[in-house]
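So this block is input_7.txt, compact mmCIF, C-alpha atoms:
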```txt
# COMPACT_ATOMS: atom_id res chain seq x y z
CA MET A 13 119.45 -3.87 -106.12
CA ASN A 14 117.96 -0.62 -104.72
CA ARG A 15 121.11 0.02 -102.72
CA ILE A 16 123.21 -0.47 -105.83
CA GLY A 17 120.87 1.83 -107.70
CA TRP A 18 121.39 4.60 -105.14
CA LYS A 19 125.15 4.21 -105.38
CA ILE A 20 125.05 4.38 -109.16
CA LEU A 21 122.87 7.47 -109.01
CA THR A 22 125.26 9.14 -106.59
CA LEU A 23 128.26 8.36 -108.74
CA LEU A 24 126.50 9.61 -111.88
CA SER A 25 125.57 12.87 -110.15
CA LEU A 26 129.16 13.40 -109.06
CA ALA A 27 130.39 12.59 -112.56
CA VAL A 28 128.07 15.18 -114.08
CA LEU A 29 129.22 17.80 -111.61
CA ILE A 30 132.93 17.32 -112.07
CA THR A 31 133.11 16.45 -115.76
CA LYS A 32 134.42 19.12 -118.07
CA PRO A 33 133.72 19.05 -121.81
CA VAL A 34 136.58 17.86 -124.00
CA TYR A 35 136.89 19.39 -127.43
CA ALA A 36 138.50 17.53 -130.27
CA VAL A 37 139.65 20.78 -131.90
CA ASP A 38 141.98 23.10 -130.06
CA ALA A 39 140.87 26.54 -131.20
CA PRO A 40 143.29 29.44 -130.72
CA ASN A 41 142.76 31.98 -127.98
CA PHE A 42 141.43 35.29 -129.11
CA PRO A 43 141.62 38.52 -127.12
CA SER A 44 138.49 40.40 -126.20
CA CYS A 45 137.03 43.44 -127.95
CA SER A 46 137.10 45.13 -124.53
CA SER A 47 140.85 45.47 -125.01
CA PRO A 48 141.60 44.75 -128.64
CA GLN A 49 145.03 43.66 -129.74
CA GLY A 50 146.79 43.19 -133.02
CA GLN A 51 147.26 45.26 -136.14
CA VAL A 52 144.27 47.20 -137.43
CA ILE A 53 143.60 46.26 -141.04
CA ALA A 54 140.24 47.95 -141.47
CA SER A 55 138.29 50.46 -139.48
CA TYR A 56 134.96 52.16 -140.06
CA ASN A 57 133.43 54.67 -137.68
CA ASN A 58 130.03 54.11 -139.24
CA GLY A 59 128.38 52.41 -142.18
CA THR A 60 126.69 49.16 -143.05
CA HIS A 61 128.43 45.89 -142.23
CA GLY A 62 127.86 42.19 -142.35
CA ILE A 63 128.41 39.59 -139.64
CA PRO A 64 129.23 36.01 -140.64
CA GLY A 65 126.39 33.65 -139.96
CA GLN A 66 123.90 36.45 -139.49
CA GLU A 67 121.38 37.43 -142.10
CA GLY A 68 121.11 40.98 -143.20
CA THR A 69 123.39 43.93 -142.60
CA PHE A 70 123.96 46.10 -139.59
CA THR A 71 124.89 49.75 -139.13
CA GLY A 72 127.55 50.85 -136.76
CA SER A 73 131.30 50.94 -136.27
CA ASP A 74 133.52 48.08 -137.25
CA THR A 75 137.22 47.47 -136.69
CA VAL A 76 139.19 44.47 -137.84
CA TYR A 77 142.49 43.40 -136.29
CA THR A 78 144.93 40.86 -137.59
CA LEU A 79 146.39 38.86 -134.72
CA ASN A 80 148.74 36.55 -136.60
CA SER A 81 148.93 34.88 -140.00
CA ASP A 82 145.96 32.63 -139.20
CA THR A 83 143.67 34.68 -137.00
CA VAL A 84 141.73 37.90 -137.31
CA MET A 85 139.39 39.60 -134.86
CA GLN A 86 136.47 41.83 -135.82
CA CYS A 87 134.83 44.16 -133.32
CA PHE A 88 131.49 45.56 -134.39
CA CYS A 89 129.34 47.94 -132.38
CA SER A 90 125.89 48.72 -133.74
CA ASP A 91 124.23 52.11 -133.47
CA GLY A 92 121.94 50.52 -130.89
CA GLY A 93 124.76 49.35 -128.61
CA GLN A 94 124.76 45.67 -129.56
CA GLY A 95 128.29 44.54 -130.13
CA MET A 96 129.57 41.47 -131.85
CA GLN A 97 133.08 40.09 -131.67
CA THR A 98 133.80 37.80 -134.59
CA ASN A 99 136.85 35.59 -134.30
CA TRP A 100 138.20 34.53 -137.68
CA TRP A 101 140.45 31.47 -137.90
CA LYS A 102 142.00 30.40 -141.18
CA ALA A 103 140.63 26.93 -141.89
CA SER A 104 142.98 25.77 -144.66
CA ALA A 105 144.88 23.49 -142.26
CA LEU A 106 141.75 21.97 -140.71
CA THR A 107 140.24 18.67 -141.77
CA GLN A 108 136.59 18.38 -142.73
CA ASP A 109 135.95 16.49 -139.49
CA GLN A 110 137.47 19.30 -137.46
CA ILE A 111 135.41 21.86 -139.34
CA SER A 112 132.28 19.81 -138.69
CA ILE A 113 133.08 19.65 -134.98
CA LEU A 114 133.58 23.39 -134.84
CA GLU A 115 130.35 23.98 -136.75
CA SER A 116 128.53 21.82 -134.23
CA GLN A 117 129.93 24.11 -131.55
CA GLY A 118 128.51 27.20 -133.20
CA TRP A 119 131.34 28.21 -135.49
CA TYR A 120 130.43 29.30 -139.02
CA TYR A 121 132.37 28.22 -142.09
CA ILE A 122 133.34 30.84 -144.71
CA PRO A 123 134.63 29.15 -147.89
CA ASP A 124 136.28 32.28 -149.27
CA GLY A 125 137.57 35.04 -147.04
CA SER A 126 138.05 37.46 -149.94
CA LEU A 127 134.30 38.08 -149.98
CA TRP A 128 134.79 39.59 -146.52
CA GLY A 129 137.89 41.62 -147.30
CA LEU A 130 140.40 39.00 -146.23
CA ASN A 131 142.52 36.72 -148.39
CA SER A 132 140.87 33.98 -150.40
CA ASP A 133 141.50 31.18 -147.89
CA PRO A 134 138.61 29.49 -146.14
CA TYR A 135 137.91 30.69 -142.61
CA ILE A 136 135.91 29.44 -139.69
CA THR A 137 134.30 32.14 -137.57
CA GLN A 138 132.91 32.43 -134.06
CA ASN A 139 130.54 35.19 -132.95
CA MET A 140 130.55 36.47 -129.37
CA PRO A 141 128.02 39.16 -128.52
CA PHE A 142 128.70 41.94 -126.08
CA ASN A 143 127.21 45.29 -125.17
CA CYS A 144 128.98 48.41 -126.33
CA LYS A 145 128.57 52.16 -126.23
CA PRO A 146 128.01 53.45 -129.78
CA GLY A 147 130.42 56.11 -130.84
CA SER A 148 132.58 55.61 -127.77
CA PRO A 149 136.36 55.45 -127.82
CA GLN A 150 135.96 51.75 -126.99
CA SER A 151 133.85 51.00 -130.01
CA THR A 152 136.36 52.65 -132.28
CA ASN A 153 139.34 51.45 -130.33
CA GLY A 154 142.13 50.94 -132.77
CA GLY A 155 140.14 52.67 -135.44
CA GLY A 156 141.64 56.10 -135.26
CA GLY A 157 142.94 58.04 -138.14
CA SER A 158 140.99 60.22 -140.52
CA ASN A 159 137.56 59.56 -141.85
CA GLN A 160 137.57 59.27 -145.62
CA GLY A 161 134.11 60.68 -146.02
CA ASP A 162 132.46 57.42 -147.00
CA GLY A 163 132.45 56.04 -143.47
CA ARG A 164 135.85 54.43 -143.79
CA SER A 165 138.90 55.32 -141.81
CA ASP A 166 142.37 55.45 -143.27
CA GLY A 167 143.13 52.71 -140.77
CA ARG A 168 145.75 54.55 -138.74
CA SER A 169 145.54 53.00 -135.37
CA SER A 170 144.95 54.72 -132.07
CA CYS A 171 144.86 51.30 -130.49
CA PRO A 172 146.38 51.20 -127.06
CA GLU A 173 149.77 49.58 -126.76
CA CYS A 174 148.47 46.12 -126.10
CA THR A 175 151.10 44.08 -127.85
CA ALA A 176 153.36 43.14 -124.98
CA ALA A 177 152.21 40.89 -122.18
CA PRO A 178 152.46 42.72 -118.88
CA GLN A 179 154.63 41.41 -116.09
CA ILE A 180 151.66 40.07 -114.20
CA LEU A 181 150.85 37.66 -117.01
CA SER A 182 154.24 36.02 -117.10
CA ALA A 183 154.89 35.19 -113.51
CA GLN A 184 156.22 31.76 -114.32
CA THR A 185 157.57 30.60 -117.64
CA GLY A 186 155.41 28.03 -119.38
CA GLN A 187 152.49 28.35 -117.01
CA ILE A 188 149.07 29.14 -118.39
CA LEU A 189 147.43 31.72 -116.22
CA GLY A 190 143.76 32.49 -115.98
CA LEU A 191 141.60 35.16 -114.49
CA ALA A 192 140.75 34.91 -110.79
CA ASP A 193 138.30 32.16 -109.96
CA THR A 194 135.75 34.29 -108.17
CA GLY A 195 132.91 31.79 -108.28
CA ASP A 196 132.17 29.07 -105.77
CA ILE A 197 128.71 27.86 -106.72
CA TRP A 198 130.10 24.34 -106.80
CA ILE A 199 130.42 24.45 -103.01
CA LEU A 200 126.67 25.03 -102.71
CA TYR A 201 125.94 22.27 -105.22
CA CYS A 202 128.16 19.83 -103.32
CA VAL A 203 126.70 20.67 -99.92
CA PHE A 204 123.09 20.39 -101.01
CA GLY A 205 123.78 17.44 -103.28
CA LEU A 206 125.46 15.56 -100.47
CA ALA A 207 122.66 16.50 -98.10
CA ILE A 208 120.04 15.10 -100.48
CA VAL A 209 122.01 11.91 -101.08
CA LEU A 210 122.58 11.31 -97.38
CA LEU A 211 118.94 12.06 -96.67
CA GLY A 212 117.89 9.51 -99.23
CA LEU A 213 120.29 6.90 -97.90
CA GLY A 214 119.22 7.63 -94.36
CA SER A 215 115.54 7.28 -95.14
CA ARG A 216 116.11 3.95 -96.89
CA MET A 217 118.14 2.63 -93.96
CA LEU A 218 115.38 3.71 -91.61
CA ARG A 219 112.76 1.93 -93.70
CA HIS A 220 114.87 -1.25 -93.73
CA SER A 221 115.33 -1.22 -89.98
CA ASN A 222 111.59 -0.59 -89.48
CA LYS A 223 110.73 -3.58 -91.67
CA ARG A 224 113.01 -5.83 -89.64
CA LEU A 225 111.29 -4.72 -86.46
CA MET B 287 123.24 19.49 -90.56
CA LEU B 288 124.34 19.88 -94.18
CA PHE B 289 121.14 21.77 -94.95
CA ILE B 290 121.99 24.16 -92.14
CA VAL B 291 125.46 24.63 -93.61
CA GLY B 292 123.93 25.20 -97.03
CA ALA B 293 121.49 27.73 -95.63
CA TYR B 294 124.34 29.59 -93.92
CA LEU B 295 126.33 29.67 -97.17
CA ILE B 296 123.34 31.15 -99.00
CA TRP B 297 122.81 33.75 -96.26
CA GLU B 298 126.50 34.67 -96.33
CA ARG B 299 126.27 35.34 -100.06
CA THR B 300 123.06 37.31 -99.99
CA ASN B 301 122.90 39.37 -96.80
CA PRO B 302 123.25 43.04 -97.74
CA ASP B 303 125.73 43.82 -94.96
CA ARG B 304 128.05 40.98 -96.07
CA LEU B 305 128.02 39.55 -92.57
CA THR B 306 129.80 36.30 -91.91
CA LEU B 307 130.42 34.00 -88.98
CA ILE B 308 133.97 33.40 -90.12
CA PRO B 309 136.45 35.87 -88.59
CA TYR B 310 138.13 37.93 -91.29
CA THR B 311 140.77 40.61 -91.27
CA ALA B 312 140.56 42.83 -94.34
CA PRO B 313 143.88 43.76 -95.97
CA ALA B 314 145.01 47.22 -95.03
CA ARG B 315 144.80 49.96 -97.61
CA LEU B 316 147.87 52.04 -98.21
CA ALA B 317 147.67 55.80 -98.58
CA GLY B 318 146.41 56.77 -102.03
CA GLN B 319 144.60 53.52 -102.74
CA PRO B 320 140.93 53.61 -103.69
CA ASP B 321 138.37 52.74 -101.06
CA THR B 322 134.91 52.39 -102.68
CA LEU B 323 133.47 51.22 -105.99
CA THR B 324 129.94 52.31 -106.88
CA ILE B 325 127.74 51.49 -109.85
CA PRO B 326 124.38 53.14 -109.14
CA ALA B 327 122.57 51.49 -112.05
CA ALA B 328 123.22 48.03 -110.57
CA HIS B 329 122.97 49.11 -106.91
CA ILE B 330 126.57 48.15 -106.35
CA SER B 331 128.50 49.96 -103.64
CA LEU B 332 131.44 48.02 -102.30
CA PRO B 333 134.67 48.65 -100.45
CA ILE B 334 137.84 48.12 -102.46
CA TYR B 335 140.71 46.17 -100.91
CA PRO B 336 144.22 45.82 -102.29
CA ALA B 337 145.09 42.42 -103.74
CA HIS B 338 148.15 40.75 -105.16
CA LEU B 339 148.71 38.20 -107.89
CA ILE B 340 151.40 35.82 -106.70
CA GLY B 341 152.22 33.19 -109.29
CA THR B 342 148.81 31.91 -110.30
CA HIS B 343 147.16 32.81 -107.00
CA TRP B 344 144.87 35.84 -106.97
CA ASP B 345 144.19 37.36 -103.55
CA GLN B 346 140.46 37.58 -102.94
CA THR B 347 138.12 38.90 -100.28
CA THR B 348 134.49 38.31 -99.37
CA ARG B 349 134.16 41.72 -97.77
CA GLY B 350 134.25 43.76 -100.97
CA VAL B 351 136.10 43.82 -104.27
CA SER B 352 139.80 43.41 -104.92
CA TYR B 353 142.01 45.94 -106.68
CA LEU B 354 145.05 44.34 -108.28
CA VAL B 355 147.89 46.47 -106.95
CA SER B 356 150.23 45.59 -109.83
CA SER B 357 147.80 47.39 -112.18
CA PRO B 358 147.55 51.19 -112.28
CA LEU B 359 145.50 53.02 -109.69
CA PRO B 360 141.96 53.65 -110.97
CA GLY B 361 141.97 57.04 -112.60
CA THR B 362 145.60 56.97 -113.66
CA GLN B 363 146.65 56.08 -117.17
CA GLY B 364 146.37 52.40 -117.90
CA ASN B 365 144.14 49.44 -117.20
CA SER B 366 143.11 49.17 -113.54
CA VAL B 367 141.93 45.68 -112.68
CA VAL B 368 139.21 45.13 -110.09
CA TYR B 369 137.49 41.81 -109.43
CA GLY B 370 135.30 40.13 -106.87
CA HIS B 371 133.05 37.21 -106.07
CA ASN B 372 129.81 36.82 -107.98
CA TRP B 373 127.80 36.69 -104.77
CA THR B 374 124.51 38.56 -104.71
CA ASN B 375 125.92 41.00 -102.16
CA LEU B 376 129.15 41.55 -104.12
CA LEU B 377 129.50 41.58 -107.92
CA GLY B 378 126.55 39.28 -108.64
CA PRO B 379 124.52 42.26 -110.00
CA LEU B 380 127.28 43.06 -112.50
CA ASN B 381 125.14 41.49 -115.23
CA LYS B 382 122.72 44.40 -114.85
CA VAL B 383 125.36 46.91 -115.95
CA LYS B 384 125.01 48.33 -119.45
CA PRO B 385 127.26 50.52 -121.60
CA GLY B 386 126.67 54.13 -120.75
CA ASP B 387 126.19 53.45 -117.04
CA ALA B 388 128.30 55.46 -114.63
CA LEU B 389 130.91 53.87 -112.41
CA PHE B 390 132.53 55.75 -109.55
CA VAL B 391 135.74 55.09 -107.69
CA LYS B 392 136.15 56.98 -104.46
CA TYR B 393 139.34 58.07 -102.82
CA GLY B 394 138.28 59.40 -99.44
CA THR B 395 135.83 62.21 -100.08
CA ASN B 396 136.75 62.54 -103.74
CA SER B 397 134.95 60.58 -106.42
CA MET B 398 136.20 59.77 -109.92
CA LYS B 399 133.67 59.03 -112.65
CA PHE B 400 133.99 56.44 -115.38
CA THR B 401 131.53 55.50 -118.12
CA VAL B 402 130.96 51.87 -119.02
CA GLN B 403 131.96 51.10 -122.60
CA PHE B 404 131.94 47.34 -122.81
CA VAL B 405 130.05 44.51 -121.13
CA GLY B 406 130.73 41.00 -122.31
CA ILE B 407 131.34 37.43 -121.35
CA VAL B 408 134.72 35.90 -121.99
CA ALA B 409 136.49 32.65 -121.31
CA ALA B 410 138.33 32.31 -118.02
CA ASN B 411 141.70 32.38 -119.78
CA THR B 412 141.10 35.60 -121.73
CA MET B 413 144.01 37.42 -120.17
CA SER B 414 143.88 40.19 -122.76
CA ILE B 415 141.20 41.95 -120.76
CA ILE B 416 143.80 42.88 -118.16
CA ALA B 417 146.51 43.82 -120.63
CA PRO B 418 148.01 47.30 -120.25
CA THR B 419 146.40 50.12 -122.18
CA THR B 420 147.28 53.74 -122.86
CA ASP B 421 143.83 55.05 -122.02
CA THR B 422 142.51 55.42 -118.47
CA ARG B 423 140.15 52.60 -117.70
CA VAL B 424 138.86 50.24 -115.07
CA THR B 425 138.30 46.60 -115.97
CA LEU B 426 135.92 44.89 -113.59
CA TYR B 427 135.14 41.17 -113.71
CA THR B 428 133.56 38.28 -111.88
CA CYS B 429 132.58 34.71 -112.60
CA THR B 430 129.55 33.70 -114.60
CA GLY B 431 128.24 30.86 -116.74
CA PHE B 432 127.82 27.18 -116.06
CA LEU B 433 129.71 26.29 -112.88
CA ASP B 434 131.34 29.73 -113.05
CA SER B 435 133.36 28.68 -116.06
CA GLN B 436 133.31 32.10 -117.72
CA ARG B 437 133.90 35.71 -116.71
CA ILE B 438 131.64 38.70 -117.15
CA VAL B 439 133.76 41.74 -117.90
CA VAL B 440 132.83 45.40 -117.60
CA THR B 441 135.21 48.00 -118.98
CA ALA B 442 134.76 51.66 -118.09
CA ILE B 443 136.74 54.62 -119.39
CA ARG B 444 137.40 57.60 -117.19
CA ASP B 445 135.40 60.71 -118.05
CA THR B 446 137.64 63.52 -119.21
CA PRO B 447 137.44 66.69 -117.12
CA THR B 448 135.67 69.38 -119.19
CA THR B 449 137.60 72.43 -117.95
CA SER B 450 141.21 73.01 -117.15
CA ALA B 451 140.20 74.23 -113.72
CA GLN B 452 138.53 70.94 -112.96
CA SER B 453 140.75 68.63 -110.97
CA ALA B 454 141.05 64.89 -111.40
CA TYR B 455 138.52 64.43 -108.67
CA SER B 456 135.08 65.76 -108.08
CA SER B 457 133.93 66.48 -104.60
CA VAL B 458 131.22 64.26 -103.28
```
The structure in this file should be written as structure tokens.
Amino acid sequence: MNRIGWKILTLLSLAVLITKPVYAVDAPNFPSCSSPQGQVIASYNNGTHGIPGQEGTFTGSDTVYTLNSDTVMQCFCSDGGQGMQTNWWKASALTQDQISILESQGWYYIPDGSLWGLNSDPYITQNMPFNCKPGSPQSTNGGGGSNQGDGRSDGRSSCPECTAAPQILSAQTGQILGLADTGDIWILYCVFGLAIVLLGLGSRMLRHSNKRL
Amino acid sequence: MLFIVGAYLIWERTNPDRLTLIPYTAPARLAGQPDTLTIPAAHISLPIYPAHLIGTHWDQTTRGVSYLVSSPLPGTQGNSVVYGHNWTNLLGPLNKVKPGDALFVKYGTNSMKFTVQFVGIVAANTMSIIAPTTDTRVTLYTCTGFLDSQRIVVTAIRDTPTTSAQSAYSSV
């Protein structure tokens, strides 16, 4: 029984290490505010802004990009250097179950996008914090154009030409590429995990053989 | 025996001189390629080695950081991509970098200054961070998160020279 217990424990440990979470809802990929993409639909160099799911208002720069007909990205940089990327995904085609799953994963449901300057469809939003430099070209990336005196920009974009995928991203047709896998902590976990398991097995075998003697 | 192996792996990842028992030949730098990356605020000072992206395989090194040669040279217009392992003696301290910190790329005795604008964590498939740009920036990243499932990204924009007489480089 104890031997079986050890084997079960070993298998469970391995299962925990190698298991990846499976999401029932396949959310779209959004770019990063470090290199925004899409068409600028609103841009403010300063002013007071809201962030979905967060109480209160915040002062700083805010730029909103439309990525396609269903997705919008908002890049906010507060005067204190706290940034927030808000990914907006039109939720009209999602079921209530899917919305509930996304909400359980930290997404925030907006019943009416028009209250936030978008169209009146429902949206589901995801906030991703980052650190930014207030007043930097990065924080107003894509938000060029003239200031209209009330903190708004006329929306003319000075966004870098980020629309076309570079050659390095399309090495092979149909293949999904990812950033370099520069981490190898799993090697350490495996080595030490295996060492502990073998040590435990070894000590039990030693105890058994001592009992027989 | 496994504990000894584990201890060696930890030492390899933490010793300041990046010593290793495994023989390694660093890729040769071509003329005009950068040689050192420094971020004083995070005590990062690492050699830069050229690297290629072949298919889905990214060249990597444990002796410093990798500069993706298919991206623009740091300091020239565009998005220069630099990446490295998240070991303590490599880019592990990248999470200490904050916007406003200075980042230097050295070419020989000349040093080019960049200012960090963005520090964030993205998913491993967020390829937009290495998309071409029209400004002059360096995008630096390494692994982070649970089982290194995410990437911490630092974006720095090159400081504009203040006088016409000032060259692209500043002497060290």
Top pick for closest residue to Arg349 (chain B), considering B:Ser331, B:Ser397, B:Asn411, B:Thr362 and counting only C-alpha atoms: B:Ser331
Could you give me, as a tab-separated table, a per-residue list for chain B showing, wherever an atom lies at most 8 Å from an atom of chain A, the closest pair of atoms and their distance in Å to one decimal, using all atoms listed in the file and sorting by chain then residue number from low to high?
```
residue	atom	partner	partner_atom	distance
B:Leu288	CA	A:Ala207	CA	5.4
B:Phe289	CA	A:Ala207	CA	6.3
B:Val291	CA	A:Val203	CA	7.6
B:Gly292	CA	A:Val203	CA	6.0
B:Leu295	CA	A:Leu200	CA	7.2
B:Ile296	CA	A:Leu200	CA	7.9
B:Leu339	CA	A:Ile180	CA	7.2
B:Ile340	CA	A:Ala183	CA	7.7
B:Gly341	CA	A:Ala183	CA	5.4
B:Thr342	CA	A:Leu189	CA	6.1
B:His343	CA	A:Ala192	CA	7.7
B:Trp344	CA	A:Ala192	CA	5.7
B:Gln346	CA	A:Thr194	CA	7.8
B:Ser356	CA	A:Ile180	CA	7.2
B:Tyr369	CA	A:Ala192	CA	7.8
B:Gly370	CA	A:Thr194	CA	6.0
B:His371	CA	A:Thr194	CA	4.5
B:Asn372	CA	A:Gly195	CA	5.9
B:Trp373	CA	A:Gly195	CA	7.9
B:Lys384	CA	A:Asn143	CA	6.8
B:Pro385	CA	A:Lys145	CA	5.1
B:Gly386	CA	A:Lys145	CA	6.1
B:Val402	CA	A:Lys145	CA	7.6
B:Gln403	CA	A:Lys145	CA	5.1
B:Phe404	CA	A:Cys144	CA	4.7
B:Val405	CA	A:Asn143	CA	5.0
B:Gly406	CA	A:Phe142	CA	4.4
B:Ile407	CA	A:Phe142	CA	7.0
B:Val408	CA	A:Ser44	CA	7.2
B:Ala410	CA	A:Leu191	CA	5.6
B:Asn411	CA	A:Gly190	CA	4.3
B:Thr412	CA	A:Pro43	CA	6.2
B:Met413	CA	A:Gly190	CA	6.5
B:Ser414	CA	A:Pro43	CA	5.2
B:Ile415	CA	A:Ser47	CA	5.5
B:Ile416	CA	A:Ser47	CA	7.9
B:Ala417	CA	A:Cys174	CA	6.2
B:Pro418	CA	A:Cys174	CA	6.0
B:Thr419	CA	A:Pro172	CA	5.0
B:Thr420	CA	A:Pro172	CA	5.0
B:Asp421	CA	A:Pro172	CA	6.8
B:Thr428	CA	A:Thr194	CA	5.9
B:Cys429	CA	A:Gly195	CA	5.2
B:Thr430	CA	A:Gly195	CA	7.4
B:Leu433	CA	A:Trp198	CA	6.4
B:Asp434	CA	A:Gly195	CA	5.4
B:Thr441	CA	A:Ser46	CA	6.5
```
Let me know the centre plus edge lengths, in Å and rounded to one decimal, of a box with edges along x, y and z that contains all listed atoms of region 374-382 of chain B and is padded by 4 Å on every side, as lines of an AutoDock Vina configuration file.
```
center_x = 126.1
center_y = 41.5
center_z = -108.7
size_x = 14.8
size_y = 13.8
size_z = 21.1
```
Which residue of B:Thr446, B:Gln436, B:Gln363, B:Asn381 approaches Phe400 (chain B) most closely, using all atoms listed in the file: B:Thr446
Region 18-20 of chain A surroundings by only C-alpha atoms, 10 Å radius, close-in-sequence under 3 positions cut, as a ChimeraX atom specification: /A:13-15,23-26,209,212-213,216
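With all atoms listed in the file as the basis for measurement, A:Ser104 is the residue among A:Gln110, A:Ser221, A:Gln117, A:Ser104 that approaches Pro134 (chain A) most closely.
Reported to one decimal place, the separation of CA of Ala409 (chain B) from CA of Gln108 (chain A) is 25.7 Å.
The coordinates place CA of Ile290 (chain B) at 27.1 Å from CA of Val351 (chain B).
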Sel. within 9 Å of pt (132.6, 47.1, -101.8), counting all atoms listed in the file, output as an NGL selection string: :B and (321-324 or 330-335 or 349-352 or 376-377)
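You will find CA of Met398 (chain B) at 13.2 Å from CA of Ser366 (chain B).
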Contact residues around Arg304 (chain B) with all atoms listed in the file at 8 Å, ignoring same-chain residues under 5 positions, as a list in words: Glu298, Arg299, Thr348, Arg349 and Asn375 of chain B
